[in-house]
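entry-v1.pdb follows (PDB, C-alpha atoms and all ligand atoms):
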```
ATOM      1  CA  MET N   1      84.380  11.454  67.655
ATOM      2  CA  MET N   2      80.741  10.416  67.761
ATOM      3  CA  LYS N   3      79.548   8.391  64.774
ATOM      4  CA  ILE N   4      75.917   8.555  63.718
ATOM      5  CA  LEU N   5      74.337   6.221  61.172
ATOM      6  CA  GLY N   6      71.641   7.792  59.037
ATOM      7  CA  ILE N   7      69.183   5.903  56.844
ATOM      8  CA  ASP N   8      66.960   7.648  54.310
ATOM      9  CA  ILE N   9      64.396   5.211  52.918
ATOM     10  CA  GLY N  10      62.541   6.110  49.739
ATOM     11  CA  GLY N  11      60.185   4.482  47.275
ATOM     12  CA  THR N  12      62.767   4.725  44.469
ATOM     13  CA  LYS N  13      66.147   4.967  46.146
ATOM     14  CA  SER N  14      67.580   4.914  49.636
ATOM     15  CA  ILE N  15      70.789   6.217  51.197
ATOM     16  CA  ALA N  16      72.815   5.026  54.177
ATOM     17  CA  GLY N  17      75.531   7.247  55.598
ATOM     18  CA  VAL N  18      77.714   7.811  58.636
ATOM     19  CA  ALA N  19      78.524  11.306  59.893
ATOM     20  CA  ASP N  20      80.155  12.788  62.958
ATOM     21  CA  GLN N  21      78.263  14.964  65.458
ATOM     22  CA  HIS N  22      78.891  18.080  63.332
ATOM     23  CA  GLY N  23      77.210  16.540  60.317
ATOM     24  CA  THR N  24      80.422  15.879  58.407
ATOM     25  CA  LEU N  25      79.816  12.789  56.290
ATOM     26  CA  ILE N  26      82.404  10.043  56.664
ATOM     27  CA  ALA N  27      80.843   7.616  54.195
ATOM     28  CA  HIS N  28      77.599   7.262  52.313
ATOM     29  CA  ASN N  29      76.052   4.794  49.942
ATOM     30  CA  ARG N  30      73.078   5.295  47.644
ATOM     31  CA  ILE N  31      71.134   2.286  46.374
ATOM     32  CA  LEU N  32      68.061   1.720  44.222
ATOM     33  CA  THR N  33      65.060   0.477  46.199
ATOM     34  CA  PRO N  34      62.153   0.551  43.740
ATOM     35  CA  ASN N  35      58.828  -0.420  45.315
ATOM     36  CA  ALA N  36      58.469  -3.135  42.665
ATOM     37  CA  HIS N  37      61.192  -5.124  44.513
ATOM     38  CA  GLY N  38      58.977  -5.367  47.608
ATOM     39  CA  PRO N  39      59.847  -4.549  51.212
ATOM     40  CA  THR N  40      61.842  -7.704  52.063
ATOM     41  CA  ILE N  41      64.458  -7.325  49.345
ATOM     42  CA  ASN N  42      64.640  -3.548  49.678
ATOM     43  CA  LEU N  43      65.117  -3.733  53.439
ATOM     44  CA  GLN N  44      67.828  -6.384  53.030
ATOM     45  CA  ASN N  45      69.659  -4.190  50.527
ATOM     46  CA  ILE N  46      69.378  -1.142  52.792
ATOM     47  CA  LEU N  47      70.851  -3.156  55.684
ATOM     48  CA  LEU N  48      73.717  -4.287  53.426
ATOM     49  CA  ALA N  49      74.345  -0.692  52.314
ATOM     50  CA  ALA N  50      74.379   0.334  55.966
ATOM     51  CA  ASP N  51      76.808  -2.507  56.825
ATOM     52  CA  GLU N  52      79.125  -1.150  54.173
ATOM     53  CA  VAL N  53      79.174   2.467  55.372
ATOM     54  CA  VAL N  54      79.515   1.419  59.008
ATOM     55  CA  GLN N  55      82.517  -0.688  58.010
ATOM     56  CA  GLN N  56      84.021   2.189  55.981
ATOM     57  CA  ALA N  57      83.602   4.468  58.995
ATOM     58  CA  GLY N  58      85.385   1.934  61.229
ATOM     59  CA  GLY N  59      82.344   0.815  63.251
ATOM     60  CA  GLY N  60      81.422   2.169  66.681
ATOM     61  CA  ILE N  61      78.011   3.690  65.896
ATOM     62  CA  SER N  62      76.523   5.720  68.785
ATOM     63  CA  ALA N  63      73.030   6.264  67.433
ATOM     64  CA  ILE N  64      70.919   5.603  64.353
ATOM     65  CA  GLY N  65      68.415   7.898  62.678
ATOM     66  CA  ILE N  66      65.902   6.577  60.150
ATOM     67  CA  GLY N  67      63.805   8.801  57.918
ATOM     68  CA  CYS N  68      61.019   7.453  55.786
ATOM     69  CA  GLY N  69      57.637   8.411  54.411
ATOM     70  CA  GLY N  70      54.768   8.610  56.880
ATOM     71  CA  PRO N  71      52.465   8.140  58.556
ATOM     72  CA  LEU N  72      54.421   6.283  61.217
ATOM     73  CA  ASP N  73      54.567   5.749  64.965
ATOM     74  CA  ARG N  74      57.626   7.520  66.289
ATOM     75  CA  LYS N  75      57.205   6.121  69.812
ATOM     76  CA  THR N  76      57.318   2.476  68.740
ATOM     77  CA  GLY N  77      59.432   3.007  65.603
ATOM     78  CA  THR N  78      56.785   1.304  63.477
ATOM     79  CA  LEU N  79      55.333   2.224  60.093
ATOM     80  CA  HIS N  80      51.620   2.722  59.459
ATOM     81  CA  LYS N  81      50.262   2.310  55.924
ATOM     82  CA  VAL N  82      52.794   4.498  54.106
ATOM     83  CA  ALA N  83      51.521   5.820  50.758
ATOM     84  CA  ASN N  84      54.919   5.519  49.076
ATOM     85  CA  LEU N  85      56.137   2.271  50.666
ATOM     86  CA  PRO N  86      53.437  -0.298  49.899
ATOM     87  CA  GLY N  87      53.802  -3.457  51.993
ATOM     88  CA  TRP N  88      55.937  -1.914  54.749
ATOM     89  CA  GLU N  89      53.019  -1.488  57.152
ATOM     90  CA  GLY N  90      53.762  -2.772  60.663
ATOM     91  CA  LEU N  91      57.541  -3.037  60.251
ATOM     92  CA  CYS N  92      59.400  -1.906  63.357
ATOM     93  CA  LEU N  93      62.363  -0.231  61.721
ATOM     94  CA  THR N  94      64.002   0.976  64.926
ATOM     95  CA  GLN N  95      64.178  -2.581  66.278
ATOM     96  CA  ILE N  96      65.608  -3.978  63.028
ATOM     97  CA  PHE N  97      68.391  -1.381  62.815
ATOM     98  CA  SER N  98      69.036  -1.229  66.531
ATOM     99  CA  GLU N  99      69.626  -5.010  66.676
ATOM    100  CA  ARG N 100      71.825  -4.982  63.597
ATOM    101  CA  PHE N 101      74.122  -2.147  64.736
ATOM    102  CA  GLN N 102      73.821  -2.407  68.525
ATOM    103  CA  ALA N 103      72.855   1.231  69.036
ATOM    104  CA  PRO N 104      69.654   3.118  69.834
ATOM    105  CA  ALA N 105      67.601   3.919  66.725
ATOM    106  CA  TYR N 106      65.108   6.736  66.154
ATOM    107  CA  LEU N 107      62.476   6.962  63.433
ATOM    108  CA  ASP N 108      60.997  10.116  61.947
ATOM    109  CA  ASN N 109      59.017  11.188  58.929
ATOM    110  CA  ASP N 110      61.571  11.766  56.171
ATOM    111  CA  ALA N 111      60.452  15.298  55.388
ATOM    112  CA  THR N 112      60.339  16.306  59.060
ATOM    113  CA  ALA N 113      63.788  14.757  59.356
ATOM    114  CA  ALA N 114      65.025  16.720  56.340
ATOM    115  CA  ALA N 115      63.611  19.902  57.894
ATOM    116  CA  ILE N 116      65.523  19.170  61.119
ATOM    117  CA  GLY N 117      68.619  18.517  58.981
ATOM    118  CA  GLU N 118      68.231  21.840  57.159
ATOM    119  CA  ALA N 119      67.759  23.567  60.534
ATOM    120  CA  ARG N 120      70.879  21.953  61.986
ATOM    121  CA  PHE N 121      73.204  21.788  58.991
ATOM    122  CA  GLY N 122      71.603  23.655  56.082
ATOM    123  CA  ALA N 123      69.459  26.417  54.579
ATOM    124  CA  GLY N 124      67.282  26.739  57.685
ATOM    125  CA  ALA N 125      70.099  27.469  60.151
ATOM    126  CA  GLU N 126      69.230  30.676  62.072
ATOM    127  CA  VAL N 127      65.669  30.699  60.721
ATOM    128  CA  ASP N 128      63.020  29.847  63.325
ATOM    129  CA  ASP N 129      60.000  29.399  61.093
ATOM    130  CA  PHE N 130      60.247  27.463  57.888
ATOM    131  CA  VAL N 131      58.704  24.648  55.928
ATOM    132  CA  TYR N 132      60.662  21.965  54.108
ATOM    133  CA  LEU N 133      59.080  20.327  51.111
ATOM    134  CA  THR N 134      60.510  17.311  49.338
ATOM    135  CA  VAL N 135      59.278  16.814  45.780
ATOM    136  CA  SER N 136      60.390  13.378  44.598
ATOM    137  CA  THR N 137      58.568  10.029  44.247
ATOM    138  CA  GLY N 138      55.902  11.629  46.435
ATOM    139  CA  ILE N 139      55.694  14.984  48.188
ATOM    140  CA  GLY N 140      56.473  15.292  51.894
ATOM    141  CA  GLY N 141      56.518  18.238  54.258
ATOM    142  CA  GLY N 142      58.380  19.124  57.439
ATOM    143  CA  ILE N 143      57.473  22.100  59.607
ATOM    144  CA  ILE N 144      59.784  24.036  61.918
ATOM    145  CA  ILE N 145      58.029  26.506  64.231
ATOM    146  CA  GLY N 146      59.955  28.609  66.736
ATOM    147  CA  GLY N 147      63.076  26.600  65.953
ATOM    148  CA  GLU N 148      61.460  23.260  66.827
ATOM    149  CA  PRO N 149      59.879  20.603  64.597
ATOM    150  CA  TYR N 150      56.101  20.720  64.695
ATOM    151  CA  ARG N 151      54.857  17.124  64.746
ATOM    152  CA  GLY N 152      51.206  17.430  65.684
ATOM    153  CA  PHE N 153      49.160  15.301  68.098
ATOM    154  CA  GLY N 154      50.040  11.920  66.571
ATOM    155  CA  ASP N 155      53.512  12.920  65.300
ATOM    156  CA  ASN N 156      52.317  12.965  61.690
ATOM    157  CA  ALA N 157      51.876  16.666  60.892
ATOM    158  CA  GLY N 158      53.163  18.041  57.618
ATOM    159  CA  GLU N 159      51.519  15.747  55.052
ATOM    160  CA  ILE N 160      51.578  18.616  52.571
ATOM    161  CA  GLY N 161      51.630  16.155  49.660
ATOM    162  CA  HIS N 162      48.055  15.240  50.543
ATOM    163  CA  ILE N 163      46.524  18.707  50.486
ATOM    164  CA  THR N 164      43.596  18.540  48.059
ATOM    165  CA  ILE N 165      44.270  20.638  44.950
ATOM    166  CA  ILE N 166      41.706  19.184  42.495
ATOM    167  CA  PRO N 167      38.752  17.671  44.416
ATOM    168  CA  GLU N 168      37.966  14.952  41.839
ATOM    169  CA  GLY N 169      41.514  14.700  40.501
ATOM    170  CA  PRO N 170      43.719  11.611  40.017
ATOM    171  CA  ALA N 171      43.546   8.802  42.593
ATOM    172  CA  CYS N 172      46.272   9.041  45.250
ATOM    173  CA  ASN N 173      48.127   6.238  47.050
ATOM    174  CA  CYS N 174      46.644   7.600  50.291
ATOM    175  CA  GLY N 175      43.133   6.630  49.140
ATOM    176  CA  ASP N 176      41.983  10.190  48.404
ATOM    177  CA  ARG N 177      41.855  12.044  45.060
ATOM    178  CA  GLY N 178      43.520  15.103  43.583
ATOM    179  CA  CYS N 179      46.190  15.403  46.293
ATOM    180  CA  LEU N 180      49.126  17.737  45.582
ATOM    181  CA  GLU N 181      51.444  14.762  45.000
ATOM    182  CA  THR N 182      49.155  13.291  42.317
ATOM    183  CA  LEU N 183      49.733  16.467  40.286
ATOM    184  CA  CYS N 184      53.368  17.473  40.680
ATOM    185  CA  SER N 185      55.526  14.793  42.330
ATOM    186  CA  GLY N 186      58.190  13.319  40.061
ATOM    187  CA  THR N 187      56.002  10.244  39.664
ATOM    188  CA  ALA N 188      52.998  12.393  38.754
ATOM    189  CA  ILE N 189      54.870  14.485  36.181
ATOM    190  CA  ALA N 190      56.111  11.305  34.481
ATOM    191  CA  ARG N 191      52.653   9.713  34.610
ATOM    192  CA  ILE N 192      50.881  12.795  33.200
ATOM    193  CA  ALA N 193      53.449  13.108  30.393
ATOM    194  CA  ALA N 194      53.244   9.403  29.500
ATOM    195  CA  GLY N 195      49.441   9.597  29.460
ATOM    196  CA  GLY N 196      49.423  12.454  26.957
ATOM    197  CA  LEU N 197      52.020  11.121  24.534
ATOM    198  CA  SER N 198      49.680   9.482  22.027
ATOM    199  CA  ASP N 199      47.787  12.771  21.613
ATOM    200  CA  ASN N 200      51.070  14.622  21.064
ATOM    201  CA  PRO N 201      52.958  12.641  18.420
ATOM    202  CA  GLN N 202      55.135  15.669  17.600
ATOM    203  CA  SER N 203      56.625  15.766  21.131
ATOM    204  CA  MET N 204      60.291  14.733  21.467
ATOM    205  CA  LEU N 205      59.215  12.709  24.517
ATOM    206  CA  ASN N 206      58.006  10.082  22.026
ATOM    207  CA  ASN N 207      61.611   9.431  21.019
ATOM    208  CA  LEU N 208      63.158   8.505  24.388
ATOM    209  CA  ASP N 209      64.943   5.158  24.750
ATOM    210  CA  THR N 210      63.967   4.929  28.418
ATOM    211  CA  PRO N 211      60.683   5.433  30.307
ATOM    212  CA  ILE N 212      59.651   9.082  30.791
ATOM    213  CA  THR N 213      60.765  10.702  34.043
ATOM    214  CA  ALA N 214      60.170  14.160  35.495
ATOM    215  CA  GLU N 215      63.757  14.898  34.525
ATOM    216  CA  SER N 216      63.151  14.043  30.864
ATOM    217  CA  VAL N 217      60.026  16.236  30.886
ATOM    218  CA  ALA N 218      62.052  19.126  32.360
ATOM    219  CA  LYS N 219      64.769  18.640  29.773
ATOM    220  CA  ALA N 220      62.310  18.554  26.852
ATOM    221  CA  ALA N 221      60.520  21.607  28.275
ATOM    222  CA  SER N 222      63.822  23.507  28.491
ATOM    223  CA  ARG N 223      64.315  22.756  24.766
ATOM    224  CA  GLY N 224      60.942  24.268  23.969
ATOM    225  CA  ASP N 225      58.964  21.062  23.381
ATOM    226  CA  GLY N 226      55.387  22.392  23.500
ATOM    227  CA  PHE N 227      53.801  19.338  25.128
ATOM    228  CA  ALA N 228      56.567  19.069  27.746
ATOM    229  CA  VAL N 229      56.252  22.800  28.505
ATOM    230  CA  LYS N 230      52.515  22.341  29.106
ATOM    231  CA  VAL N 231      52.960  19.286  31.381
ATOM    232  CA  TRP N 232      55.776  20.963  33.316
ATOM    233  CA  SER N 233      54.083  24.338  33.744
ATOM    234  CA  ASP N 234      50.796  22.748  34.888
ATOM    235  CA  ALA N 235      52.755  20.759  37.480
ATOM    236  CA  MET N 236      54.602  23.862  38.695
ATOM    237  CA  TYR N 237      51.323  25.792  38.885
ATOM    238  CA  HIS N 238      49.846  23.068  41.112
ATOM    239  CA  LEU N 239      52.988  22.962  43.245
ATOM    240  CA  GLY N 240      52.759  26.757  43.606
ATOM    241  CA  LEU N 241      49.128  26.459  44.759
ATOM    242  CA  GLY N 242      50.167  23.886  47.364
ATOM    243  CA  VAL N 243      52.948  26.127  48.636
ATOM    244  CA  ALA N 244      50.587  29.153  48.675
ATOM    245  CA  ASN N 245      48.180  27.182  50.901
ATOM    246  CA  VAL N 246      50.997  26.343  53.287
ATOM    247  CA  VAL N 247      52.196  29.954  53.321
ATOM    248  CA  ASN N 248      48.688  31.153  54.189
ATOM    249  CA  VAL N 249      48.446  28.745  57.130
ATOM    250  CA  LEU N 250      51.930  29.051  58.633
ATOM    251  CA  ASN N 251      53.444  32.400  57.533
ATOM    252  CA  PRO N 252      56.911  30.853  57.224
ATOM    253  CA  ARG N 253      60.057  32.872  56.516
ATOM    254  CA  LEU N 254      61.334  30.169  54.164
ATOM    255  CA  VAL N 255      59.940  27.368  52.115
ATOM    256  CA  ILE N 256      62.895  25.100  51.393
ATOM    257  CA  ILE N 257      62.319  22.693  48.515
ATOM    258  CA  GLY N 258      64.430  19.560  48.024
ATOM    259  CA  GLY N 259      63.984  16.181  46.359
ATOM    260  CA  GLY N 260      64.768  15.055  42.820
ATOM    261  CA  VAL N 261      62.330  17.404  41.081
ATOM    262  CA  ALA N 262      63.956  20.452  42.744
ATOM    263  CA  LYS N 263      67.087  19.668  40.716
ATOM    264  CA  ALA N 264      65.271  21.461  37.881
ATOM    265  CA  GLY N 265      66.405  24.666  39.633
ATOM    266  CA  ASP N 266      64.979  27.925  38.231
ATOM    267  CA  MET N 267      62.505  25.916  36.152
ATOM    268  CA  LEU N 268      60.874  25.044  39.483
ATOM    269  CA  PHE N 269      61.657  27.979  41.756
ATOM    270  CA  GLU N 270      60.610  30.744  39.326
ATOM    271  CA  PRO N 271      57.100  29.501  38.470
ATOM    272  CA  VAL N 272      56.404  28.324  42.036
ATOM    273  CA  THR N 273      57.469  31.697  43.469
ATOM    274  CA  ARG N 274      55.331  33.484  40.867
ATOM    275  CA  THR N 275      52.234  31.470  41.806
ATOM    276  CA  VAL N 276      52.821  31.989  45.531
ATOM    277  CA  GLN N 277      53.180  35.743  44.986
ATOM    278  CA  LYS N 278      49.892  35.728  43.073
ATOM    279  CA  ARG N 279      47.862  33.331  45.214
ATOM    280  CA  ALA N 280      49.000  33.622  48.848
ATOM    281  CA  MET N 281      47.835  36.640  50.878
ATOM    282  CA  LYS N 282      50.113  39.565  50.128
ATOM    283  CA  ALA N 283      51.555  40.177  53.607
ATOM    284  CA  LEU N 284      52.436  36.494  53.962
ATOM    285  CA  ALA N 285      53.717  36.185  50.386
ATOM    286  CA  ASP N 286      55.991  39.189  51.047
ATOM    287  CA  ASP N 287      57.526  37.438  54.074
ATOM    288  CA  VAL N 288      58.460  34.192  52.369
ATOM    289  CA  LYS N 289      61.452  33.175  50.297
ATOM    290  CA  ILE N 290      61.346  29.912  48.372
ATOM    291  CA  ILE N 291      64.789  28.378  48.120
ATOM    292  CA  PRO N 292      66.560  25.058  47.391
ATOM    293  CA  ALA N 293      67.677  22.694  50.161
ATOM    294  CA  ALA N 294      71.315  23.289  51.135
ATOM    295  CA  ASN N 295      71.800  19.575  51.723
ATOM    296  CA  GLY N 296      70.646  18.897  48.155
ATOM    297  CA  ASP N 297      69.824  15.286  47.441
ATOM    298  CA  LEU N 298      71.394  14.334  50.771
ATOM    299  CA  ALA N 299      68.693  16.339  52.621
ATOM    300  CA  GLY N 300      66.928  13.146  53.725
ATOM    301  CA  LEU N 301      70.149  11.501  54.904
ATOM    302  CA  MET N 302      71.359  14.610  56.759
ATOM    303  CA  GLY N 303      67.889  14.788  58.263
ATOM    304  CA  ALA N 304      68.036  11.215  59.546
ATOM    305  CA  ILE N 305      71.430  11.989  61.090
ATOM    306  CA  ALA N 306      70.075  15.207  62.665
ATOM    307  CA  VAL N 307      67.114  13.279  64.132
ATOM    308  CA  ALA N 308      69.463  10.710  65.692
ATOM    309  CA  LEU N 309      71.615  13.492  67.127
ATOM    310  CA  SER N 310      68.741  15.444  68.655
ATOM    311  CA  ASP N 311      66.875  12.388  69.991
ATOM    312  CA  TYR N 312      70.023  10.686  71.295
ATOM    313  CA  LEU N 313      71.435  13.761  72.956
ATOM    314  CA  SER N 314      68.119  14.951  74.448
TER     315      SER N 314
HETATM  316 ZN    ZN N 401      46.973  11.673  48.929
END
```
Can I see the file as structure tokens?
Amino acid sequence: MMKILGIDIGGTKSIAGVADQHGTLIAHNRILTPNAHGPTINLQNILLAADEVVQQAGGGISAIGIGCGGPLDRKTGTLHKVANLPGWEGLCLTQIFSERFQAPAYLDNDATAAAIGEARFGAGAEVDDFVYLTVSTGIGGGIIIGGEPYRGFGDNAGEIGHITIIPEGPACNCGDRGCLETLCSGTAIARIAAGGLSDNPQSMLNNLDTPITAESVAKAASRGDGFAVKVWSDAMYHLGLGVANVVNVLNPRLVIIGGGVAKAGDMLFEPVTRTVQKRAMKALADDVKIIPAANGDLAGLMGAIAVALSDYLS
């Protein structure tokens, strides 16, 4: 049995896991890696989490796949200035993991990786043209065209989170303004809700014991809290506009949406589908189905494993 180590690095949490060549998980380990901890501590903790799963799987790793936010240099395994991983610029992740586990390591954009994972093990199997969108701390995109990942000239295609939706909108980590992810990522939904609380003293979001998250906004909205409904539906409208733009450019058969915010289920898929039906060109809107990731919140991990498999075996 071939054992593949997958690492999914995020700005809030990260996952290490070991699977066989069919994508069956042997062990996995999810840890919190908030950006506030800084890259050194987070990377150390990710390596420790990886040590643990490799040990649980009995060692003998053949290849390592690493998915993380872009932009990055796939050829050298090094990160550029990643919007959602401040301070990680210049780190050569493939070298760090390859030395630790004595196996070849491959780096890819986390959303492209998740798309490859959905193509190999998930909702995109047998579909040649689809787009994967992760809506979590930020928003990432992965594009599969003709059954193959589309990476673009510099391997950084698919930055759907940075499509401009409101030209003079909120400042984005990428340096621009009004990007899709400043309006409807989990971080954005929480930020927008927190910013409007003082003007909405009647909202139940004022009574939380913990900081507001996209999940708490979704929950309050589902209970009919007027302010939460407004924040949530604006976010879903913007997400729908972003997806409509992508549909107009690529004419995909599927748009697969994963990431923490997609856990809201119908509260996300219904309004986003409605906006796409209204705003994308009709022929293209008719072709597309917008569905949840089959790999759920392991989409990034399964993606990293799929990247290792395809790069190692090619
Ligand atoms: Zn941006």
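Once all atoms listed in the file are used for the distance check, the residues close to ligand ZN 401 (chain N) at 8 Å turn out to be Ala83, Gly161, His162, Ile163, Thr164, Ala171, Cys172, Asn173, Cys174, Gly175, Asp176, Arg177, Gly178, Cys179, Leu180, Glu181 and Thr182 of chain N.
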| said: If the PyMOL selection byres (((chain N and resi 270) around 12) and not hetatm) were run on this exact file, what residues would it hold? Put them as a PyMOL selection string. | reply: chain N and resi 233+236-237+239-240+262+264-269+271-277+289-292
| message | When you count only C-alpha atoms, which of these residues is closest to Asp155 of chain N: N:His22, N:Arg191, N:Arg74, N:His80? | response |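 Nearest candidate to Asp155 of chain N out of N:His22, N:Arg191, N:Arg74, N:His80: N:Arg74.
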| Among the residues N:Val307, N:Ala36, N:Val54, N:Cys68, the one that comes closest to Glu148 of chain N [using all atoms listed in the file] | N:Val307
| query | Distance atom CA of Ala114 of chain N-atom CA of Val243 of chain N, one decimal place? | reply | 17.1 Å
| said: Evaluated on this file, the PyMOL selection byres (((chain N and resi 108) around 8) and not hetatm) picks out some residues - which ones are they, written as a list of chain:residue names? | reply: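 For this structure, the PyMOL selection byres (((chain N and resi 108) around 8) and not hetatm) captures N:Gly65, N:Ile66, N:Gly67, N:Cys68, N:Leu72, N:Arg74, N:Tyr106, N:Leu107, N:Asn109, N:Asp110, N:Thr112, N:Ala113, N:Ala304, N:Val307.
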| field | Selection result for the PyMOL selection byres (((chain N and resi 134-139) around 10) and not hetatm) on this file, as a PyMOL selection string | value | chain N and resi 10-13+69+83-84+110-112+114-115+132-133+140-142+159-162+173+179-189+214+239+256-263+293+297+299-300
| message | Would you compute the distance between atom CA of Ser310 of chain N and atom CA of Leu79 of chain N? Give it in Å to one decimal. | response | 20.7 Å
| In terms of the shortest atom-to-atom distance over only C-alpha atoms, which of N:Lys278, N:Arg30, N:His37, N:Arg120 is closest to Leu85 of chain N? | N:His37
